[in-house]
Every structure is written in structure tokens, then in C-alpha cells.
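Trainee: Got entry_35.cif for you, mmCIF, C-alpha atoms:
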data_upload
#
loop_
_atom_site.label_atom_id
_atom_site.label_comp_id
_atom_site.auth_asym_id
_atom_site.auth_seq_id
_atom_site.Cartn_x
_atom_site.Cartn_y
_atom_site.Cartn_z
CA MET A 1 -117.47 158.67 37.05
CA ARG A 2 -119.86 157.21 39.56
CA ASN A 3 -123.02 159.16 40.13
CA LYS A 4 -122.91 161.07 43.40
CA LYS A 5 -126.55 160.31 44.16
CA VAL A 6 -125.95 156.60 43.75
CA VAL A 7 -122.92 156.76 46.04
CA ARG A 8 -124.87 158.66 48.68
CA THR A 9 -127.72 156.16 48.48
CA VAL A 10 -125.25 153.32 49.05
CA GLN A 11 -123.63 155.17 51.95
CA LEU A 12 -127.00 155.78 53.60
CA GLY A 13 -128.01 152.17 53.00
CA LEU A 14 -124.82 150.94 54.65
CA LEU A 15 -125.46 153.13 57.69
CA CYS A 16 -129.03 151.81 57.97
CA ALA A 17 -127.80 148.22 57.64
CA LEU A 18 -125.07 148.77 60.24
CA SER A 19 -127.62 150.25 62.62
CA VAL A 20 -129.90 147.21 62.29
CA ILE A 21 -126.97 144.80 62.68
CA LEU A 22 -125.91 146.54 65.88
CA MET A 23 -129.46 146.14 67.20
CA PHE A 24 -129.07 142.39 66.84
CA THR A 25 -125.52 142.03 68.10
CA ILE A 26 -125.18 144.57 70.92
CA ARG A 27 -128.31 144.57 73.02
CA PHE A 28 -128.63 144.31 76.80
CA SER A 29 -130.76 145.48 79.70
CA ILE A 30 -129.34 148.00 82.14
CA PHE A 31 -131.83 147.73 85.02
CA PRO A 32 -133.02 144.27 86.15
CA ALA A 33 -136.19 145.89 87.53
CA ALA A 34 -137.00 147.20 84.03
CA PRO A 35 -135.64 144.55 81.62
CA PHE A 36 -137.54 145.99 78.65
CA LEU A 37 -135.23 149.03 78.73
CA GLU A 38 -132.53 147.59 76.48
CA TYR A 39 -129.48 149.47 75.29
CA ASP A 40 -128.26 148.96 71.73
CA MET A 41 -125.77 150.81 69.54
CA ALA A 42 -128.21 151.50 66.70
CA ASP A 43 -128.04 155.26 67.21
CA VAL A 44 -124.29 155.48 66.57
CA PRO A 45 -124.44 154.94 62.77
CA ILE A 46 -127.45 157.27 62.67
CA LEU A 47 -125.47 160.01 64.40
CA ILE A 48 -122.52 159.43 62.07
CA GLY A 49 -124.88 159.77 59.11
CA THR A 50 -126.25 162.96 60.61
CA PHE A 51 -122.77 164.48 60.87
CA MET A 52 -121.91 163.42 57.33
CA PHE A 53 -125.12 164.42 55.53
CA GLY A 54 -127.04 166.76 57.82
CA PRO A 55 -130.02 166.57 60.21
CA ALA A 56 -132.64 165.90 57.52
CA TRP A 57 -130.85 162.76 56.37
CA GLY A 58 -130.20 161.79 59.98
CA LEU A 59 -133.92 161.97 60.66
CA ALA A 60 -134.65 159.95 57.51
CA ILE A 61 -132.23 157.20 58.64
CA THR A 62 -133.89 157.27 62.07
CA CYS A 63 -137.34 156.66 60.57
CA ILE A 64 -136.11 153.84 58.32
CA VAL A 65 -134.24 152.09 61.13
CA SER A 66 -137.17 152.51 63.53
CA VAL A 67 -139.55 150.82 61.09
CA LEU A 68 -137.04 148.00 60.48
CA GLN A 69 -136.65 147.58 64.23
CA TRP A 70 -140.41 147.25 64.55
CA LEU A 71 -140.70 144.72 61.71
CA ILE A 72 -137.66 142.47 62.16
CA VAL A 73 -135.81 143.17 65.42
CA SER A 74 -138.41 143.87 68.11
CA PRO A 75 -141.85 143.04 66.71
CA HIS A 76 -143.14 142.67 70.27
CA SER A 77 -142.60 146.40 70.81
CA GLY A 78 -144.96 147.16 67.91
CA TRP A 79 -145.61 150.60 66.53
CA VAL A 80 -145.20 152.07 70.01
CA GLY A 81 -141.53 151.13 70.02
CA ALA A 82 -141.05 152.63 66.55
CA ILE A 83 -142.65 155.91 67.60
CA MET A 84 -140.55 156.04 70.78
CA HIS A 85 -137.36 155.48 68.80
CA ILE A 86 -138.26 158.10 66.20
CA PHE A 87 -138.91 160.71 68.88
CA SER A 88 -135.89 159.93 71.05
CA THR A 89 -133.29 159.53 68.32
CA GLY A 90 -134.99 162.15 66.15
CA ALA A 91 -134.63 164.80 68.86
CA TYR A 92 -130.98 163.82 69.25
CA VAL A 93 -130.04 163.93 65.56
CA VAL A 94 -131.92 167.13 64.73
CA ALA A 95 -130.35 169.08 67.60
CA ALA A 96 -126.88 167.62 67.07
CA GLY A 97 -127.05 167.92 63.29
CA LEU A 98 -128.09 171.58 63.31
CA ILE A 99 -125.22 172.52 65.61
CA TYR A 100 -122.57 170.46 63.84
CA ARG A 101 -123.62 171.85 60.46
CA ARG A 102 -122.58 175.31 61.69
CA ASN A 103 -119.33 174.20 63.35
CA ARG A 104 -117.74 171.17 61.70
CA THR A 105 -114.83 170.85 64.13
CA ARG A 106 -113.97 168.38 66.88
CA LYS A 107 -115.12 170.89 69.47
CA GLY A 108 -118.30 171.49 67.46
CA ALA A 109 -118.95 167.75 67.38
CA ALA A 110 -118.57 167.49 71.16
CA TRP A 111 -120.92 170.44 71.70
CA ALA A 112 -123.43 169.06 69.19
CA LEU A 113 -123.49 165.62 70.82
CA ALA A 114 -123.89 167.14 74.28
CA VAL A 115 -126.83 169.32 73.21
CA GLY A 116 -128.35 166.43 71.28
CA SER A 117 -128.17 164.24 74.38
CA VAL A 118 -130.00 166.85 76.44
CA ALA A 119 -132.62 167.27 73.71
CA MET A 120 -133.25 163.51 73.67
CA ILE A 121 -133.54 163.27 77.45
CA ILE A 122 -136.00 166.18 77.60
CA ALA A 123 -138.05 164.91 74.64
CA MET A 124 -138.49 161.53 76.28
CA VAL A 125 -140.03 162.90 79.48
CA PRO A 126 -143.51 163.52 77.97
CA MET A 127 -143.14 160.41 75.79
CA ASN A 128 -142.54 158.23 78.85
CA ILE A 129 -145.52 159.79 80.61
CA LEU A 130 -147.95 159.63 77.68
CA VAL A 131 -146.81 156.84 75.35
CA SER A 132 -144.84 154.29 77.37
CA PRO A 133 -147.91 153.31 79.45
CA LEU A 134 -149.36 151.80 76.26
CA TYR A 135 -147.02 148.84 76.81
CA LEU A 136 -148.97 147.97 79.96
CA LEU A 137 -152.47 148.18 78.49
CA THR A 138 -154.69 145.12 78.86
CA ASP A 139 -158.41 144.54 78.87
CA GLU A 140 -158.32 144.69 82.65
CA LEU A 141 -155.94 147.66 82.85
CA PRO A 142 -157.25 150.85 81.18
CA TYR A 143 -154.95 153.64 80.07
CA ALA A 144 -155.32 155.84 83.16
CA GLN A 145 -154.34 152.99 85.47
CA ALA A 146 -151.55 151.86 83.15
CA GLN A 147 -150.18 155.40 83.10
CA ALA A 148 -150.23 155.64 86.89
CA GLU A 149 -148.54 152.25 87.21
CA TYR A 150 -145.85 153.09 84.67
CA ILE A 151 -145.03 156.40 86.29
CA ASP A 152 -144.93 154.81 89.73
CA ARG A 153 -142.84 151.77 88.77
CA TYR A 154 -140.75 152.74 85.75
CA PHE A 155 -140.55 156.48 85.08
CA TRP A 156 -137.28 157.08 86.92
CA TYR A 157 -135.76 153.94 85.43
CA SER A 158 -136.68 155.31 81.99
CA ALA A 159 -135.16 158.70 82.78
CA ALA A 160 -131.93 157.13 84.04
CA PHE A 161 -131.84 154.79 81.04
CA ASN A 162 -132.09 157.69 78.60
CA CYS A 163 -129.25 159.50 80.36
CA ILE A 164 -127.02 156.42 80.25
CA LYS A 165 -127.91 155.63 76.63
CA ALA A 166 -127.19 159.20 75.54
CA ALA A 167 -123.85 159.24 77.35
CA ILE A 168 -122.70 155.92 75.82
CA ASN A 169 -123.78 156.86 72.29
CA THR A 170 -122.18 160.29 72.60
CA LEU A 171 -118.83 158.84 73.63
CA ILE A 172 -118.81 156.11 70.98
CA THR A 173 -119.88 158.48 68.20
CA PHE A 174 -117.26 161.05 69.19
CA VAL A 175 -114.53 158.40 69.08
CA LEU A 176 -115.60 156.63 65.87
CA TYR A 177 -117.09 159.37 63.68
CA LYS A 178 -113.98 160.49 61.83
CA SER A 179 -112.72 157.00 61.01
CA VAL A 180 -116.12 155.69 59.87
CA ALA A 181 -116.82 158.82 57.81
CA LYS A 182 -113.39 158.56 56.18
CA ALA A 183 -114.06 154.94 55.23
CA LEU A 184 -117.46 155.76 53.73
CA ARG A 185 -116.02 158.68 51.74
CA LEU A 186 -113.62 156.32 49.98
CA MET A 187 -116.68 155.37 47.92
CA GLU A 188 -117.10 158.91 46.59
CA PRO A 189 -115.95 159.73 43.06
CA VAL A 190 -112.54 161.36 42.72
CA GLN A 191 -112.69 164.94 41.53
CA ARG A 192 -110.34 165.22 38.58
CA PRO A 193 -108.78 168.58 37.70
CA GLN A 194 -110.48 170.56 34.96
CA GLY A 195 -108.79 170.91 31.58
CA GLY A 196 -108.82 167.31 30.43
CA GLY A 197 -105.50 166.32 31.97
CA SER A 198 -105.18 163.17 33.99
CA ALA A 199 -104.23 163.37 37.65
CA GLU A 200 -100.92 161.71 38.47
#
Can you turn what I pasted into C-alpha cells?
Mentor:
Amino acid sequence: MRNKKVVRTVQLGLLCALSVILMFTIRFSIFPAAPFLEYDMADVPILIGTFMFGPAWGLAITCIVSVLQWLIVSPHSGWVGAIMHIFSTGAYVVAAGLIYRRNRTRKGAAWALAVGSVAMIIAMVPMNILVSPLYLLTDELPYAQAQAEYIDRYFWYSAAFNCIKAAINTLITFVLYKSVAKALRLMEPVQRPQGGGSAE
């Protein structure tokens, strides 16, 4: 019988890999005035992992994927991009995971995704005010001026982007979760009946 821990490690690894692959393959800007705000589907496998294994594992996948994004997908975004992704997706998966863990039904999934979306949108407000301006820093542009410029030029684009991203990821996750989870669970060891008999 395959070890359950090994199977879970493989399942989590596949979800991380799928998340990174989706970063490469499905990636586009939503607002021409803010081209750095790029949508990708990386959060969908993370949310599926959260529903399968719980919020703690969802947060762990988020951290792993965020570091991989920093190192191999978007190195230009640096550690700032990794921190932003951890906070945004982390807020989503923790809120959604805690709710779905208590109500593992289709209605519970819809409610969990809706609350998770709101949590992400709210969490990103202070992040966009305090952290996003770091992207604009130069020797000639100190933090205070960069912050003022970001808020003036990009804050509402960022807020709208987070709403759109949350809505798309919620819909896709709700549609795909059951089928993807079923496929991943095919890897799990079959529980044979006790007593030594073989299952027919």
C-alpha cells in the first residue's frame, strides 16, 4: 500500500506545478493604463488544494508558488511581488478554507469562495497603499512621493483588478474543483476491508 504521506506530497507538488504552469501560459493585462496588473490562473490550483487539504496547506502552497513566481516567472517583480501574492492569495485561501472545512457542500464552497474573495479585496487595500509604491521607487523618487503617485495613478486600477481577479478565480474554481479533486484522489491508496479478505 502506498504511503499516504507520499501520496499527499505528490498531490501538493502537482498542484504547485500546475499553478506555476498556469502563470506561464495564461497571463494577460486587464487595464492598458496599468499593464503591470496581469491576471493569471495560478490561484485556481491553490484554491483547489485548500478545499482538498485545508487552509494551512493552502497557505503553504501559496508561499511555495509565490517564491517560485519570484524566482522563475516574474523576477522583475522581486520580493515585493512575492509578498503581495502571499498576502492576497493567503487572505483568500485562509478565509475560504476555514469556511469550507465546516461546510463541505456545493453551497458551502460557493459561500467560502465569496467570503474569500471579499477577504482578498479588503486585505489588498492597505497592501496597495503601503507596499505597491515600492515598485515606483528610484533614486530620484523617494517613498513618500512614490506612494502619492501610486495612489493617484493606480490605486483604483488595483482595486478593480483585485475584484475582477477574485471573480474569475471564484468562478473557475467553483466549476473545476470537483473534477480536479476527483482526479487527484485517484492517486490515493484503496482502503481494503479488514479481515484479510480481498475486495472483489
Trainee: Running the PyMOL selection byres ((chain A and resi 38-52) around 6) on this model by hand, what would come out? Give it as a list in words.
Mentor: Leu15, Ser19, Leu22, Met23, Ile26, Arg27, Phe28, Ser29, Phe36, Leu37, Phe53, Gly54, Pro55, Gly58, Gly97, Asn169, Thr173 and Tyr177 of chain A
Trainee: Based on the selection just made, write C-alpha atoms of those residues as a compact mmCIF listing (two decimals), keeping the file's coordinate frame.
Mentor:
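Below is the file that was written, out_9.txt:
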# COMPACT_ATOMS: atom_id res chain seq x y z
CA LEU A 15 -125.46 153.13 57.69
CA SER A 19 -127.62 150.25 62.62
CA LEU A 22 -125.91 146.54 65.88
CA MET A 23 -129.46 146.14 67.20
CA ILE A 26 -125.18 144.57 70.92
CA ARG A 27 -128.31 144.57 73.02
CA PHE A 28 -128.63 144.31 76.80
CA SER A 29 -130.76 145.48 79.70
CA PHE A 36 -137.54 145.99 78.65
CA LEU A 37 -135.23 149.03 78.73
CA PHE A 53 -125.12 164.42 55.53
CA GLY A 54 -127.04 166.76 57.82
CA PRO A 55 -130.02 166.57 60.21
CA GLY A 58 -130.20 161.79 59.98
CA GLY A 97 -127.05 167.92 63.29
CA ASN A 169 -123.78 156.86 72.29
CA THR A 173 -119.88 158.48 68.20
CA TYR A 177 -117.09 159.37 63.68
Trainee: What does the distance between atom CA of Ile64 of chain A and atom CA of Trp156 of chain A come to in Å, to one decimal place?
Mentor: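 Computing the Euclidean distance for atom CA of Ile64 of chain A and atom CA of Trp156 of chain A yields 28.8 Å.
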Trainee: Identify all residues satisfying the PyMOL selection byres ((chain A and resi 145-151) around 9) in the given file; provide them as a list in words.
Mentor: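 In the shown coordinates, the PyMOL selection byres ((chain A and resi 145-151) around 9) covers Asn128, Ile129, Leu130, Val131, Ser132, Pro133, Leu134, Tyr135, Leu136, Leu137, Thr138, Leu141, Pro142, Tyr143, Ala144, Asp152, Arg153, Tyr154, Phe155 and Trp156 of chain A.
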Trainee: Report the distance between atom CA of Ala119 of chain A and atom CA of Ser66 of chain A in Å, rounded to one decimal place.
Mentor: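 Interatomic distance, atom CA of Ala119 of chain A to atom CA of Ser66 of chain A: 18.5 Å.
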Trainee: Would you kindly return, as a list in words, each protein, DNA or RNA residue with an atom no farther than 12 Å from any atom of Gly108 of chain A, considering only C-alpha atoms and excluding same-chain residues fewer than 3 positions away?
Mentor: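 In the requested format, the answer is Phe51, Ala96, Gly97, Leu98, Ile99, Tyr100, Arg101, Arg102, Asn103, Arg104, Thr105, Trp111, Ala112, Leu113, Ala114, Val115, Gly116 and Phe174 of chain A.
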Trainee: Using all atoms listed in the file, which protein or nucleic acid residues come within 10 Å of Met124 of chain A? Drop anything in the same chain fewer than 2 positions from it, and give the result as a list in words.
Mentor: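 What passes the distance filter is Met84, His85, Phe87, Ser88, Thr89, Ala91, Ala119, Met120, Ile121, Ile122, Pro126, Met127, Asn128, Ile129, Leu130, Val131, Ser132, Ser158, Ala159 and Asn162 of chain A.
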Trainee: Choose the residue, out of A:Ala160, A:Ala166, A:Ile61, A:Gly78, that has the smallest atom-to-atom separation from Leu18 of chain A; count only C-alpha atoms.
Mentor: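 Nearest to Leu18 of chain A: A:Ile61.
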Trainee: Please report the interatomic distance between atom CA of Ile86 of chain A and atom CA of Cys63 of chain A in Å with one decimal.
Mentor: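 Taking atom CA of Ile86 of chain A and atom CA of Cys63 of chain A, their separation equals 5.9 Å.
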